[in-house]
Amino acid sequence: MEFNISTEMGGDIVVVDMVGSLSASNIEEFRSQVSRLVEKKYCYLMLDMSNVNFMDSSGLGSCMAVHKQLSEKNGIVIFAKPSEQVKKIFRITKAEQKLNIVPTRNDGVKSLYEKMMGSKQK
């Protein structure tokens, strides 16, 4: 199963576009991309999941790990516009109760800016 990942930088926010299957066969590519961003001190990520057509337990585990990793650095990851298949996985596993999931990219950008402004005021 094919998987492509690309990033767009916009100030302090990084949008990660994913296309294909987020599964055990390609999870290392996802993990290494996110790890490089975190190493470069990017703490505000939006993962556009609208074109992720399949996600297995490895993909779900990686999403949870990214959430935890950024939370520990006072950052945030937003999961934007998940496909129906991904939404179902998040719902069945109750991951939706822990992860920041938004219906659109615009909602994701708004949430990230609100978080950034809140952390700068502290």
# chains A, B, ... in the order shown; residues from 1 in each chain; ligands from 1
$ select_by_dssp --residues "stretch 2-117 of chain A" --states "strand (DSSP E)" --output "number ranges by chain"
A: 3-10, 13-22, 44-55, 76-80, 100-102
$ residues_around --residues "stretch 26-37 of chain A" --least-positions-apart "3" --cutoff "7 Å" --atoms "only C-alpha atoms" --output "list in words"
Phe3, Leu22, Ser23, Lys40, Lys41, Tyr42, Ser58 and Gly59 of chain A
$ select_by_dssp --residues "stretch 28-67 of chain A" --states "alpha helix (DSSP H)" --output "PDB file with N, CA and C atoms, in the first residue's frame"
ATOM      1  N   GLU A  28       7.292   3.907   9.529  1.00  0.00           N
ATOM      2  CA  GLU A  28       8.593   4.515   9.818  1.00  0.00           C
ATOM      3  C   GLU A  28       8.782   5.845   9.078  1.00  0.00           C
ATOM      4  N   GLU A  29       8.284   5.931   7.863  1.00  0.00           N
ATOM      5  CA  GLU A  29       8.375   7.182   7.114  1.00  0.00           C
ATOM      6  C   GLU A  29       7.634   8.298   7.855  1.00  0.00           C
ATOM      7  N   PHE A  30       6.443   7.994   8.338  1.00  0.00           N
ATOM      8  CA  PHE A  30       5.655   8.963   9.099  1.00  0.00           C
ATOM      9  C   PHE A  30       6.380   9.373  10.377  1.00  0.00           C
ATOM     10  N   ARG A  31       6.843   8.399  11.129  1.00  0.00           N
ATOM     11  CA  ARG A  31       7.539   8.680  12.387  1.00  0.00           C
ATOM     12  C   ARG A  31       8.797   9.520  12.172  1.00  0.00           C
ATOM     13  N   SER A  32       9.567   9.191  11.153  1.00  0.00           N
ATOM     14  CA  SER A  32      10.814   9.937  10.929  1.00  0.00           C
ATOM     15  C   SER A  32      10.536  11.368  10.492  1.00  0.00           C
ATOM     16  N   GLN A  33       9.510  11.585   9.674  1.00  0.00           N
ATOM     17  CA  GLN A  33       9.152  12.953   9.269  1.00  0.00           C
ATOM     18  C   GLN A  33       8.762  13.786  10.494  1.00  0.00           C
ATOM     19  N   VAL A  34       7.904  13.228  11.326  1.00  0.00           N
ATOM     20  CA  VAL A  34       7.450  13.962  12.516  1.00  0.00           C
ATOM     21  C   VAL A  34       8.610  14.181  13.482  1.00  0.00           C
ATOM     22  N   SER A  35       9.452  13.182  13.670  1.00  0.00           N
ATOM     23  CA  SER A  35      10.602  13.328  14.577  1.00  0.00           C
ATOM     24  C   SER A  35      11.532  14.448  14.114  1.00  0.00           C
ATOM     25  N   ARG A  36      11.768  14.536  12.806  1.00  0.00           N
ATOM     26  CA  ARG A  36      12.610  15.622  12.279  1.00  0.00           C
ATOM     27  C   ARG A  36      12.006  16.987  12.571  1.00  0.00           C
ATOM     28  N   LEU A  37      10.697  17.103  12.450  1.00  0.00           N
ATOM     29  CA  LEU A  37      10.034  18.384  12.740  1.00  0.00           C
ATOM     30  C   LEU A  37      10.172  18.750  14.214  1.00  0.00           C
ATOM     31  N   VAL A  38       9.971  17.770  15.084  1.00  0.00           N
ATOM     32  CA  VAL A  38      10.076  18.022  16.530  1.00  0.00           C
ATOM     33  C   VAL A  38      11.517  18.369  16.905  1.00  0.00           C
ATOM     34  N   GLU A  39      12.484  17.687  16.305  1.00  0.00           N
ATOM     35  CA  GLU A  39      13.900  18.000  16.560  1.00  0.00           C
ATOM     36  C   GLU A  39      14.241  19.431  16.149  1.00  0.00           C
ATOM     37  N   SER A  57      -3.604  -0.496  13.392  1.00  0.00           N
ATOM     38  CA  SER A  57      -3.245  -0.201  14.782  1.00  0.00           C
ATOM     39  C   SER A  57      -1.884   0.486  14.885  1.00  0.00           C
ATOM     40  N   SER A  58      -0.973   0.208  13.967  1.00  0.00           N
ATOM     41  CA  SER A  58       0.326   0.898  13.965  1.00  0.00           C
ATOM     42  C   SER A  58       0.149   2.379  13.670  1.00  0.00           C
ATOM     43  N   GLY A  59      -0.713   2.687  12.733  1.00  0.00           N
ATOM     44  CA  GLY A  59      -1.000   4.080  12.409  1.00  0.00           C
ATOM     45  C   GLY A  59      -1.653   4.800  13.576  1.00  0.00           C
ATOM     46  N   LEU A  60      -2.612   4.142  14.202  1.00  0.00           N
ATOM     47  CA  LEU A  60      -3.276   4.723  15.368  1.00  0.00           C
ATOM     48  C   LEU A  60      -2.272   4.951  16.497  1.00  0.00           C
ATOM     49  N   GLY A  61      -1.423   3.961  16.739  1.00  0.00           N
ATOM     50  CA  GLY A  61      -0.404   4.094  17.790  1.00  0.00           C
ATOM     51  C   GLY A  61       0.533   5.250  17.522  1.00  0.00           C
ATOM     52  N   SER A  62       0.882   5.459  16.274  1.00  0.00           N
ATOM     53  CA  SER A  62       1.765   6.578  15.922  1.00  0.00           C
ATOM     54  C   SER A  62       1.074   7.913  16.117  1.00  0.00           C
ATOM     55  N   CYS A  63      -0.207   7.978  15.798  1.00  0.00           N
ATOM     56  CA  CYS A  63      -0.966   9.222  16.038  1.00  0.00           C
ATOM     57  C   CYS A  63      -0.987   9.541  17.530  1.00  0.00           C
ATOM     58  N   MET A  64      -1.232   8.516  18.349  1.00  0.00           N
ATOM     59  CA  MET A  64      -1.251   8.720  19.798  1.00  0.00           C
ATOM     60  C   MET A  64       0.134   9.137  20.299  1.00  0.00           C
ATOM     61  N   ALA A  65       1.189   8.542  19.752  1.00  0.00           N
ATOM     62  CA  ALA A  65       2.553   8.869  20.173  1.00  0.00           C
ATOM     63  C   ALA A  65       2.919  10.311  19.812  1.00  0.00           C
ATOM     64  N   VAL A  66       2.508  10.758  18.634  1.00  0.00           N
ATOM     65  CA  VAL A  66       2.773  12.154  18.229  1.00  0.00           C
ATOM     66  C   VAL A  66       2.049  13.107  19.173  1.00  0.00           C
ATOM     67  N   HIS A  67       0.810  12.787  19.495  1.00  0.00           N
ATOM     68  CA  HIS A  67       0.042  13.613  20.430  1.00  0.00           C
ATOM     69  C   HIS A  67       0.768  13.723  21.779  1.00  0.00           C
TER      70      HIS A  67
END
